[in-house]
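Here's the structure we're looking at; comments come further down.
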Amino acid sequence: MSGITKQIADFAAGTAADRIDAEAMAVMRLSLLDWLSVGIAGRDEPVSAIVRDMVAEEAGAAQATVFGGVMVPVRAAALANGTIAHALDYDDTHFANIGHPSAPVVAAALAVAEKTGADGAAFQQACLIGVECSTRIGIWLGRDHYQGGFHQTGTAGTFGAAMAVARLMGLDAAQCEMVLGLAATRASGLKSQFGTMAKPYNAGLAASNGVEAATLVARGFVANPLGLEAAQGFGPTHMGQADMSALDGLGTTWVFPQVSHKFHACCHGLHAVLEAARTLDAVDPDRIAAIRVRTHPRWMTVCNQPEPMTGLGAKFSYATVLPMHFLGHDTGALDSYTDALCADAAIQRLRKLVEVTADDSVSETGAVLEVELSDGGKMQATHDLNAPMPLAEREAKVRAKSRSLIGEDRPEEAWAAICAEAPASSIASFLTS
């Protein structure tokens with residue numbers, strides 16, 4: 001069997017439009033709407049303003065649009081938009097590789113597509129090819145890569161962005177191999193930056209790196225085409241497991257549709273238990289005697305802050321988001337997570353009743369919830385984020401999320417443009433509003 005570089009390159013360059021899976025494309029379109037929505041909502045975050053101001057001040061050829069309306073060179077637009085789309089940490093996540101696939105890939109693809117005047121179908125196909133490659137390469141790198149401190153959004157995301165751009169540029173398989181090899185020496189992203197502006201910046205770097213690698217190869221740049229997998233390549237030097245099962249079914253089955261869209265404005269590790277809570281019958285919070293959560297051990301050090309006193313801390317706290325739910329706060333609204341909420345007496349009372357236990361038998365994407373009532377009654381629910389969700393239900397949730405983030409009208413206009421396969425320039429116009 002050939003190595004990962006050749007298989008990914010062949011897939012990116014050789015997948016004909018009629019081999020694009022309809023369901024995978026339908027999910028990609030939802031991720032495009034999600035990407036636009038979280039980017040528009042996050043465009044005024046401090047990290048967004050800093051990066052946008054930097055690329056605007058540097059100026060250059062007005063080739064592509066940045067969230068907020070600035071026109072800058074393609075690489076700069078990819079850097080800024082990848083960062084801004086991840087600024088709120090509210091973009092889609094794929095748990096197979098623990099990364100955010102759309103933030104860097106769409107940023108890179110849209111910038112190049114806008115410059116080249118690509119039609120909507122070519123743009124959307126490039127996005128789907130890119131996120132599929134990103135996810136597959138992330139699985140190939142494996143958990144050791146992530147646990148070793150590397151941020152898959154920045155690392156695997158670079159390769160996905162590069163393949164999306166290579167596809168738009170019409171590069172052949174041999175050129176795509178060269179792009180992957182060159183991208184390998186640029187891919188970067190460290191988990192040590194979590195909790196800082198550098199986490200979303202990792203997504204921006206991935207987008208920019210992907211644009212740069214493909215652009216240079218298109219101009220005749222030569223690199224080691226096995227830079228991803230060679231003895232001193234990216235995988236071996238970055239704790240990659242070289243799990244070739246990551247490529248099973250490549251070209252015939254699609255792994256991207258298992259992506260998880262965020263419907264709560266908090267750490268994704270909290271979403272399973274919040275979804276479980278949604279299935280319970282309404283309960284008077286004054287009757288709650290105990291709230292017990294069983295979760296996978298990996299989340300205990302990620303989102304188990306027992307008594308956060310800031311809105312940001314609340315986004316990483318079982319003990320806060322569950323009281324929020326039972327008290328009627330909207331956990332999907334960005335403005336629900338405030339310092340004042342953490343100081344609220346009702347929140348603090350229920351917070352003391354939350355017990356969180358690590359359980360190896362619970363999947364990374366699952367949670368078990370038990371609510372004990374003052375009369376001795378108990379309510380139980382489980383949820384796994386990887387459980388299949390009907391496409392219609394997913395669409396309704398993503399579109400509702402979009403409306404909550406950016407208003408009633410723009411999401412419907414953007415969704416209509418996406419479904420009509422509007423040219424990339426039309427999609428980019430939403431970044432200015």
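All residue names refer to the structure tokens as shown: chains lettered A, B, ... in order, residues numbered from 1 in each chain, ligands numbered from 1 in order.
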
Give me the residues within 12 Å of A:Ala213 as a PDB file with N, CA, C and O atoms, in the first residue's frame, counting only C-alpha atoms and dropping any in the same chain fewer than 6 places off.
ATOM      1  N   ARG A  75      -2.930  35.491   1.407  1.00  0.00           N
ATOM      2  CA  ARG A  75      -2.374  34.859   2.616  1.00  0.00           C
ATOM      3  C   ARG A  75      -2.801  35.597   3.867  1.00  0.00           C
ATOM      4  O   ARG A  75      -3.096  34.991   4.898  1.00  0.00           O
ATOM      5  N   ALA A 108      -8.825  29.471   4.152  1.00  0.00           N
ATOM      6  CA  ALA A 108      -7.869  29.373   3.047  1.00  0.00           C
ATOM      7  C   ALA A 108      -8.591  29.283   1.707  1.00  0.00           C
ATOM      8  O   ALA A 108      -8.254  29.989   0.744  1.00  0.00           O
ATOM      9  N   THR A 158      -3.339  22.560   8.709  1.00  0.00           N
ATOM     10  CA  THR A 158      -2.472  23.093   7.662  1.00  0.00           C
ATOM     11  C   THR A 158      -2.546  22.232   6.413  1.00  0.00           C
ATOM     12  O   THR A 158      -2.651  22.741   5.287  1.00  0.00           O
ATOM     13  N   PHE A 159      -2.493  20.913   6.594  1.00  0.00           N
ATOM     14  CA  PHE A 159      -2.533  20.010   5.445  1.00  0.00           C
ATOM     15  C   PHE A 159      -3.895  20.058   4.747  1.00  0.00           C
ATOM     16  O   PHE A 159      -3.976  20.009   3.519  1.00  0.00           O
ATOM     17  N   GLY A 160      -4.966  20.156   5.541  1.00  0.00           N
ATOM     18  CA  GLY A 160      -6.292  20.263   4.941  1.00  0.00           C
ATOM     19  C   GLY A 160      -6.456  21.546   4.150  1.00  0.00           C
ATOM     20  O   GLY A 160      -7.006  21.547   3.035  1.00  0.00           O
ATOM     21  N   ALA A 161      -5.985  22.661   4.718  1.00  0.00           N
ATOM     22  CA  ALA A 161      -6.065  23.940   4.011  1.00  0.00           C
ATOM     23  C   ALA A 161      -5.261  23.880   2.724  1.00  0.00           C
ATOM     24  O   ALA A 161      -5.685  24.385   1.668  1.00  0.00           O
ATOM     25  N   ALA A 162      -4.072  23.264   2.796  1.00  0.00           N
ATOM     26  CA  ALA A 162      -3.210  23.156   1.613  1.00  0.00           C
ATOM     27  C   ALA A 162      -3.879  22.357   0.505  1.00  0.00           C
ATOM     28  O   ALA A 162      -3.795  22.714  -0.680  1.00  0.00           O
ATOM     29  N   MET A 163      -4.566  21.276   0.853  1.00  0.00           N
ATOM     30  CA  MET A 163      -5.230  20.465  -0.161  1.00  0.00           C
ATOM     31  C   MET A 163      -6.454  21.181  -0.740  1.00  0.00           C
ATOM     32  O   MET A 163      -6.745  21.040  -1.935  1.00  0.00           O
ATOM     33  N   ALA A 164      -7.150  21.947   0.066  1.00  0.00           N
ATOM     34  CA  ALA A 164      -8.276  22.716  -0.463  1.00  0.00           C
ATOM     35  C   ALA A 164      -7.790  23.730  -1.494  1.00  0.00           C
ATOM     36  O   ALA A 164      -8.393  23.889  -2.569  1.00  0.00           O
ATOM     37  N   VAL A 165      -6.701  24.415  -1.169  1.00  0.00           N
ATOM     38  CA  VAL A 165      -6.160  25.424  -2.083  1.00  0.00           C
ATOM     39  C   VAL A 165      -5.587  24.760  -3.339  1.00  0.00           C
ATOM     40  O   VAL A 165      -5.795  25.237  -4.462  1.00  0.00           O
ATOM     41  N   ALA A 166      -4.865  23.656  -3.160  1.00  0.00           N
ATOM     42  CA  ALA A 166      -4.314  22.938  -4.317  1.00  0.00           C
ATOM     43  C   ALA A 166      -5.425  22.511  -5.261  1.00  0.00           C
ATOM     44  O   ALA A 166      -5.289  22.573  -6.494  1.00  0.00           O
ATOM     45  N   MET A 169      -6.597  25.440  -7.246  1.00  0.00           N
ATOM     46  CA  MET A 169      -5.597  25.854  -8.225  1.00  0.00           C
ATOM     47  C   MET A 169      -5.435  24.847  -9.354  1.00  0.00           C
ATOM     48  O   MET A 169      -4.675  25.078 -10.299  1.00  0.00           O
ATOM     49  N   LEU A 171      -4.054  21.829  -9.188  1.00  0.00           N
ATOM     50  CA  LEU A 171      -2.785  21.113  -9.160  1.00  0.00           C
ATOM     51  C   LEU A 171      -3.020  19.614  -9.336  1.00  0.00           C
ATOM     52  O   LEU A 171      -4.029  19.070  -8.866  1.00  0.00           O
ATOM     53  N   GLN A 175       1.894  17.358  -7.878  1.00  0.00           N
ATOM     54  CA  GLN A 175       2.040  18.671  -7.252  1.00  0.00           C
ATOM     55  C   GLN A 175       1.438  18.674  -5.848  1.00  0.00           C
ATOM     56  O   GLN A 175       1.982  19.297  -4.928  1.00  0.00           O
ATOM     57  N   CYS A 176       0.325  17.962  -5.671  1.00  0.00           N
ATOM     58  CA  CYS A 176      -0.285  17.887  -4.334  1.00  0.00           C
ATOM     59  C   CYS A 176       0.644  17.189  -3.352  1.00  0.00           C
ATOM     60  O   CYS A 176       0.706  17.555  -2.169  1.00  0.00           O
ATOM     61  N   GLU A 177       1.382  16.172  -3.822  1.00  0.00           N
ATOM     62  CA  GLU A 177       2.369  15.528  -2.958  1.00  0.00           C
ATOM     63  C   GLU A 177       3.424  16.545  -2.528  1.00  0.00           C
ATOM     64  O   GLU A 177       3.836  16.578  -1.363  1.00  0.00           O
ATOM     65  N   MET A 178       3.869  17.372  -3.446  1.00  0.00           N
ATOM     66  CA  MET A 178       4.857  18.395  -3.135  1.00  0.00           C
ATOM     67  C   MET A 178       4.291  19.419  -2.154  1.00  0.00           C
ATOM     68  O   MET A 178       4.987  19.880  -1.237  1.00  0.00           O
ATOM     69  N   VAL A 179       3.026  19.761  -2.333  1.00  0.00           N
ATOM     70  CA  VAL A 179       2.372  20.702  -1.410  1.00  0.00           C
ATOM     71  C   VAL A 179       2.349  20.131   0.007  1.00  0.00           C
ATOM     72  O   VAL A 179       2.660  20.829   0.975  1.00  0.00           O
ATOM     73  N   LEU A 180       1.991  18.866   0.135  1.00  0.00           N
ATOM     74  CA  LEU A 180       1.972  18.230   1.452  1.00  0.00           C
ATOM     75  C   LEU A 180       3.366  18.220   2.057  1.00  0.00           C
ATOM     76  O   LEU A 180       3.539  18.478   3.262  1.00  0.00           O
ATOM     77  N   GLY A 181       4.375  17.926   1.248  1.00  0.00           N
ATOM     78  CA  GLY A 181       5.733  17.911   1.748  1.00  0.00           C
ATOM     79  C   GLY A 181       6.180  19.271   2.239  1.00  0.00           C
ATOM     80  O   GLY A 181       6.824  19.391   3.294  1.00  0.00           O
ATOM     81  N   LEU A 182       5.831  20.320   1.488  1.00  0.00           N
ATOM     82  CA  LEU A 182       6.202  21.673   1.895  1.00  0.00           C
ATOM     83  C   LEU A 182       5.403  22.126   3.107  1.00  0.00           C
ATOM     84  O   LEU A 182       5.946  22.753   4.022  1.00  0.00           O
ATOM     85  N   ALA A 183       4.108  21.791   3.121  1.00  0.00           N
ATOM     86  CA  ALA A 183       3.272  22.156   4.268  1.00  0.00           C
ATOM     87  C   ALA A 183       3.797  21.528   5.556  1.00  0.00           C
ATOM     88  O   ALA A 183       3.634  22.088   6.648  1.00  0.00           O
ATOM     89  N   ALA A 184       4.439  20.374   5.424  1.00  0.00           N
ATOM     90  CA  ALA A 184       4.949  19.674   6.608  1.00  0.00           C
ATOM     91  C   ALA A 184       5.985  20.488   7.364  1.00  0.00           C
ATOM     92  O   ALA A 184       6.143  20.335   8.575  1.00  0.00           O
ATOM     93  N   THR A 185       6.705  21.348   6.648  1.00  0.00           N
ATOM     94  CA  THR A 185       7.730  22.133   7.331  1.00  0.00           C
ATOM     95  C   THR A 185       7.167  23.446   7.873  1.00  0.00           C
ATOM     96  O   THR A 185       7.884  24.206   8.517  1.00  0.00           O
ATOM     97  N   ARG A 186       5.866  23.691   7.627  1.00  0.00           N
ATOM     98  CA  ARG A 186       5.202  24.900   8.115  1.00  0.00           C
ATOM     99  C   ARG A 186       4.132  24.605   9.161  1.00  0.00           C
ATOM    100  O   ARG A 186       3.779  25.484   9.943  1.00  0.00           O
ATOM    101  N   ALA A 187       3.611  23.384   9.181  1.00  0.00           N
ATOM    102  CA  ALA A 187       2.513  23.055  10.097  1.00  0.00           C
ATOM    103  C   ALA A 187       2.946  23.263  11.540  1.00  0.00           C
ATOM    104  O   ALA A 187       4.045  22.873  11.939  1.00  0.00           O
ATOM    105  N   LEU A 205      -2.886  30.518  11.354  1.00  0.00           N
ATOM    106  CA  LEU A 205      -1.605  30.071  10.807  1.00  0.00           C
ATOM    107  C   LEU A 205      -1.800  28.892   9.852  1.00  0.00           C
ATOM    108  O   LEU A 205      -1.166  28.826   8.791  1.00  0.00           O
ATOM    109  N   ALA A 206      -2.654  27.952  10.230  1.00  0.00           N
ATOM    110  CA  ALA A 206      -2.905  26.791   9.372  1.00  0.00           C
ATOM    111  C   ALA A 206      -3.449  27.226   8.020  1.00  0.00           C
ATOM    112  O   ALA A 206      -3.037  26.718   6.965  1.00  0.00           O
ATOM    113  N   ALA A 207      -4.393  28.163   8.032  1.00  0.00           N
ATOM    114  CA  ALA A 207      -4.967  28.651   6.780  1.00  0.00           C
ATOM    115  C   ALA A 207      -3.911  29.334   5.920  1.00  0.00           C
ATOM    116  O   ALA A 207      -3.789  29.070   4.719  1.00  0.00           O
ATOM    117  N   ARG A 219       4.013  27.646  -8.415  1.00  0.00           N
ATOM    118  CA  ARG A 219       5.011  28.477  -9.098  1.00  0.00           C
ATOM    119  C   ARG A 219       6.296  27.704  -9.403  1.00  0.00           C
ATOM    120  O   ARG A 219       7.262  28.284  -9.899  1.00  0.00           O
ATOM    121  N   GLY A 220       6.335  26.424  -9.043  1.00  0.00           N
ATOM    122  CA  GLY A 220       7.492  25.608  -9.353  1.00  0.00           C
ATOM    123  C   GLY A 220       8.407  25.316  -8.190  1.00  0.00           C
ATOM    124  O   GLY A 220       9.479  24.718  -8.356  1.00  0.00           O
ATOM    125  N   PHE A 221       7.995  25.686  -6.981  1.00  0.00           N
ATOM    126  CA  PHE A 221       8.815  25.435  -5.784  1.00  0.00           C
ATOM    127  C   PHE A 221       8.979  23.926  -5.563  1.00  0.00           C
ATOM    128  O   PHE A 221       8.032  23.163  -5.736  1.00  0.00           O
ATOM    129  N   VAL A 222      10.176  23.519  -5.182  1.00  0.00           N
ATOM    130  CA  VAL A 222      10.471  22.103  -4.979  1.00  0.00           C
ATOM    131  C   VAL A 222      10.793  21.842  -3.508  1.00  0.00           C
ATOM    132  O   VAL A 222      11.588  22.560  -2.898  1.00  0.00           O
ATOM    133  N   ALA A 223      10.158  20.842  -2.942  1.00  0.00           N
ATOM    134  CA  ALA A 223      10.409  20.411  -1.564  1.00  0.00           C
ATOM    135  C   ALA A 223      10.454  18.891  -1.545  1.00  0.00           C
ATOM    136  O   ALA A 223      10.240  18.244  -2.578  1.00  0.00           O
ATOM    137  N   PRO A 225       8.716  15.757  -1.245  1.00  0.00           N
ATOM    138  CA  PRO A 225       7.291  15.421  -1.258  1.00  0.00           C
ATOM    139  C   PRO A 225       6.884  14.449  -0.160  1.00  0.00           C
ATOM    140  O   PRO A 225       5.682  14.270   0.083  1.00  0.00           O
TER     141      PRO A 225
END

**OP:** Show which residues sit within 9 Å of stretch 121-127 of chain A, as a list in words. Count only C-alpha atoms, and ignore same-chain residues fewer than 5 positions away.
**Re:**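 Counting only C-alpha atoms, the residues come to Ala12, Ala17, Ile20, Met25, Met28, Arg29, Leu32, Ser102, Val105, Val106, Ala108, Ala109, Leu110, Ala113, Glu132, Gly160, Ala161, Met163, Ala164, Val165, Ala166, Arg167, Leu168, Ile418, Glu421, Ala422, Pro423 and Ala424 of chain A.
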
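Every protein or nucleic acid residue with an atom no more than 12 Å from A:Gly42, counting only C-alpha atoms and leaving out same-chain residues fewer than 4 positions away, appears here: Asp34, Trp35, Leu36, Ser37, Val38, Pro46, Val47, Ser48, Ala49, Arg52, Phe67, Gly68, Ala80, Asn81, Gly82, Thr83, Ile84, Ala85, His86, Ala87, Leu88, Asp89, Tyr90, Asp91, Pro200, Leu334, Leu405, Ile406 and Leu431 of chain A.
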
With N, CA and C atoms retained, could you export that selection as a PDB file, in the first residue's frame?
ATOM      1  N   ASP A  34     -22.126  27.825   9.480  1.00  0.00           N
ATOM      2  CA  ASP A  34     -21.622  27.918  10.841  1.00  0.00           C
ATOM      3  C   ASP A  34     -20.351  28.772  10.875  1.00  0.00           C
ATOM      4  N   TRP A  35     -19.455  28.546   9.909  1.00  0.00           N
ATOM      5  CA  TRP A  35     -18.197  29.301   9.826  1.00  0.00           C
ATOM      6  C   TRP A  35     -18.466  30.791   9.665  1.00  0.00           C
ATOM      7  N   LEU A  36     -19.370  31.133   8.756  1.00  0.00           N
ATOM      8  CA  LEU A  36     -19.728  32.532   8.557  1.00  0.00           C
ATOM      9  C   LEU A  36     -20.297  33.141   9.841  1.00  0.00           C
ATOM     10  N   SER A  37     -21.158  32.396  10.504  1.00  0.00           N
ATOM     11  CA  SER A  37     -21.857  32.924  11.674  1.00  0.00           C
ATOM     12  C   SER A  37     -20.919  33.172  12.839  1.00  0.00           C
ATOM     13  N   VAL A  38     -20.061  32.195  13.143  1.00  0.00           N
ATOM     14  CA  VAL A  38     -19.161  32.386  14.280  1.00  0.00           C
ATOM     15  C   VAL A  38     -18.103  33.431  13.961  1.00  0.00           C
ATOM     16  N   PRO A  46     -11.040  40.788  20.836  1.00  0.00           N
ATOM     17  CA  PRO A  46      -9.714  41.426  20.841  1.00  0.00           C
ATOM     18  C   PRO A  46      -8.721  40.776  19.886  1.00  0.00           C
ATOM     19  N   VAL A  47      -8.669  39.432  19.876  1.00  0.00           N
ATOM     20  CA  VAL A  47      -7.717  38.771  18.985  1.00  0.00           C
ATOM     21  C   VAL A  47      -8.059  39.046  17.522  1.00  0.00           C
ATOM     22  N   SER A  48      -9.351  39.141  17.210  1.00  0.00           N
ATOM     23  CA  SER A  48      -9.772  39.416  15.836  1.00  0.00           C
ATOM     24  C   SER A  48      -9.316  40.804  15.402  1.00  0.00           C
ATOM     25  N   ALA A  49      -9.536  41.784  16.273  1.00  0.00           N
ATOM     26  CA  ALA A  49      -9.153  43.156  15.943  1.00  0.00           C
ATOM     27  C   ALA A  49      -7.645  43.285  15.767  1.00  0.00           C
ATOM     28  N   ARG A  52      -6.633  41.522  12.416  1.00  0.00           N
ATOM     29  CA  ARG A  52      -7.180  42.269  11.283  1.00  0.00           C
ATOM     30  C   ARG A  52      -6.453  43.603  11.109  1.00  0.00           C
ATOM     31  N   PHE A  67     -13.167  39.345   7.576  1.00  0.00           N
ATOM     32  CA  PHE A  67     -14.326  39.685   8.406  1.00  0.00           C
ATOM     33  C   PHE A  67     -14.178  41.130   8.891  1.00  0.00           C
ATOM     34  N   GLY A  68     -15.171  41.956   8.594  1.00  0.00           N
ATOM     35  CA  GLY A  68     -15.090  43.366   8.934  1.00  0.00           C
ATOM     36  C   GLY A  68     -14.925  44.240   7.716  1.00  0.00           C
ATOM     37  N   ALA A  80      -6.087  36.058   8.857  1.00  0.00           N
ATOM     38  CA  ALA A  80      -7.050  36.780   9.684  1.00  0.00           C
ATOM     39  C   ALA A  80      -8.356  36.014   9.841  1.00  0.00           C
ATOM     40  N   ASN A  81      -8.902  35.501   8.737  1.00  0.00           N
ATOM     41  CA  ASN A  81     -10.206  34.839   8.813  1.00  0.00           C
ATOM     42  C   ASN A  81     -10.142  33.506   9.543  1.00  0.00           C
ATOM     43  N   GLY A  82      -9.025  32.783   9.408  1.00  0.00           N
ATOM     44  CA  GLY A  82      -8.885  31.553  10.183  1.00  0.00           C
ATOM     45  C   GLY A  82      -8.858  31.832  11.669  1.00  0.00           C
ATOM     46  N   THR A  83      -8.184  32.910  12.042  1.00  0.00           N
ATOM     47  CA  THR A  83      -8.128  33.310  13.452  1.00  0.00           C
ATOM     48  C   THR A  83      -9.493  33.743  13.944  1.00  0.00           C
ATOM     49  N   ILE A  84     -10.148  34.602  13.176  1.00  0.00           N
ATOM     50  CA  ILE A  84     -11.440  35.161  13.606  1.00  0.00           C
ATOM     51  C   ILE A  84     -12.505  34.078  13.706  1.00  0.00           C
ATOM     52  N   ALA A  85     -12.494  33.107  12.777  1.00  0.00           N
ATOM     53  CA  ALA A  85     -13.506  32.045  12.800  1.00  0.00           C
ATOM     54  C   ALA A  85     -13.374  31.154  14.031  1.00  0.00           C
ATOM     55  N   HIS A  86     -12.194  31.171  14.648  1.00  0.00           N
ATOM     56  CA  HIS A  86     -11.973  30.343  15.845  1.00  0.00           C
ATOM     57  C   HIS A  86     -11.901  31.191  17.121  1.00  0.00           C
ATOM     58  N   ALA A  87     -12.113  32.499  16.984  1.00  0.00           N
ATOM     59  CA  ALA A  87     -11.941  33.409  18.120  1.00  0.00           C
ATOM     60  C   ALA A  87     -12.886  33.088  19.269  1.00  0.00           C
ATOM     61  N   LEU A  88     -14.104  32.693  18.947  1.00  0.00           N
ATOM     62  CA  LEU A  88     -15.091  32.378  19.988  1.00  0.00           C
ATOM     63  C   LEU A  88     -15.015  30.925  20.445  1.00  0.00           C
ATOM     64  N   ASP A  89     -14.203  30.119  19.752  1.00  0.00           N
ATOM     65  CA  ASP A  89     -14.134  28.676  20.029  1.00  0.00           C
ATOM     66  C   ASP A  89     -15.525  28.053  19.946  1.00  0.00           C
ATOM     67  N   TYR A  90     -16.310  28.508  18.978  1.00  0.00           N
ATOM     68  CA  TYR A  90     -17.697  28.077  18.827  1.00  0.00           C
ATOM     69  C   TYR A  90     -17.903  27.402  17.469  1.00  0.00           C
ATOM     70  N   ASP A  91     -16.783  27.082  16.783  1.00  0.00           N
ATOM     71  CA  ASP A  91     -16.842  26.472  15.458  1.00  0.00           C
ATOM     72  C   ASP A  91     -16.858  24.955  15.563  1.00  0.00           C
ATOM     73  N   PRO A 200      -6.781  30.567  18.822  1.00  0.00           N
ATOM     74  CA  PRO A 200      -7.386  30.838  17.518  1.00  0.00           C
ATOM     75  C   PRO A 200      -6.358  31.216  16.452  1.00  0.00           C
ATOM     76  N   LEU A 334     -23.963  33.553  23.708  1.00  0.00           N
ATOM     77  CA  LEU A 334     -22.653  34.027  24.134  1.00  0.00           C
ATOM     78  C   LEU A 334     -22.737  34.896  25.379  1.00  0.00           C
ATOM     79  N   LEU A 405     -26.769  34.105  16.703  1.00  0.00           N
ATOM     80  CA  LEU A 405     -25.480  34.793  16.681  1.00  0.00           C
ATOM     81  C   LEU A 405     -25.511  36.088  15.888  1.00  0.00           C
ATOM     82  N   ILE A 406     -26.194  36.093  14.738  1.00  0.00           N
ATOM     83  CA  ILE A 406     -26.069  37.248  13.840  1.00  0.00           C
ATOM     84  C   ILE A 406     -27.407  37.812  13.368  1.00  0.00           C
ATOM     85  N   LEU A 431     -18.926  38.720   4.742  1.00  0.00           N
ATOM     86  CA  LEU A 431     -17.910  39.053   5.727  1.00  0.00           C
ATOM     87  C   LEU A 431     -17.867  40.556   6.002  1.00  0.00           C
TER      88      LEU A 431
END

Subject >> Nearest to A:Ala276, chosen from A:Lys352, A:Lys401, A:Arg410, A:His383, with only C-alpha atoms counted in the distances >> reply: A:His383

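Distance check against A:Arg403 using only C-alpha atoms: of A:Asn386, A:Ile139, A:Val74, A:Gly332, the minimum falls on A:Gly332.
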
Subject >> Counting only C-alpha atoms, the residue of A:Ser188, A:Ser31, A:Ser374, A:Gln348 that sits nearest A:Arg399 >> reply: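 Checking each candidate against A:Arg399, we get A:Ser31 as the closest.
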
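A straight line drawn from atom CA of A:His100 to atom CA of A:Val356 is 26.1 Å long.
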
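Using only C-alpha atoms, the shortest contact distance between A:Asn97 and any of A:Gln63, A:Ser208, A:Ser260, A:Thr253 is found at A:Ser260.
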
Subject >> Atom pair atom CA of A:Val398 / atom CA of A:Leu322: separation (Å) >> reply: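 Result for atom CA of A:Val398 versus atom CA of A:Leu322: 21.9 Å, one decimal.
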
Can you pull out the residues contacting A:Thr65? Cut-off 7 Å, using only C-alpha atoms, and skip same-chain residues under 3 positions away; I want them as a PDB file with C-alpha atoms, in the first residue's frame.
ATOM      1  CA  GLY A  69     -14.669  44.372   5.304  1.00  0.00           C
ATOM      2  CA  VAL A  70     -10.910  44.914   4.880  1.00  0.00           C
ATOM      3  CA  MET A  71      -9.426  43.800   1.532  1.00  0.00           C
ATOM      4  CA  VAL A  72      -5.908  42.344   1.770  1.00  0.00           C
ATOM      5  CA  ALA A  77      -6.951  37.147   4.518  1.00  0.00           C
ATOM      6  CA  ALA A 428     -17.198  36.701   0.818  1.00  0.00           C
ATOM      7  CA  LEU A 431     -17.910  39.053   5.727  1.00  0.00           C
TER       8      LEU A 431
END

Subject >> Per-residue DSSP, stretch 107-291 of chain A, filtered to strand (DSSP E or B), as a PyMOL selection string >> reply: chain A and resi 150+190+250+253+260+288-291

**OP:** Step one, run DSSP on the backbone; step two, keep only residues of stretch 41-116 of chain A assigned to alpha helix (DSSP H); then write them as a PyMOL selection string.
**Re:** chain A and resi 41-42+46-58+74-85+102-116

Original post:
Which is closest to A:Val368 among A:Thr432, A:Ser425, A:Thr196, A:Thr279, if we use only C-alpha atoms?
Top reply: A:Thr279

Subject >> Among the residues A:Arg287, A:Asp344, A:Ala400, A:Ala78, the one that comes closest to A:Thr310 [using only C-alpha atoms] >> reply: A:Asp344

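Atom CA of A:His261 to atom CA of A:Ala314 spans 19.9 Å [interatomic distance, one decimal].
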
**OP:** Find the residues around A:Phe430 up to 8 Å (only C-alpha atoms counted), leave out those fewer than 3 positions away in its own chain, and share them as a ChimeraX atom specification.
**Re:** /A:36,414,426-427,433
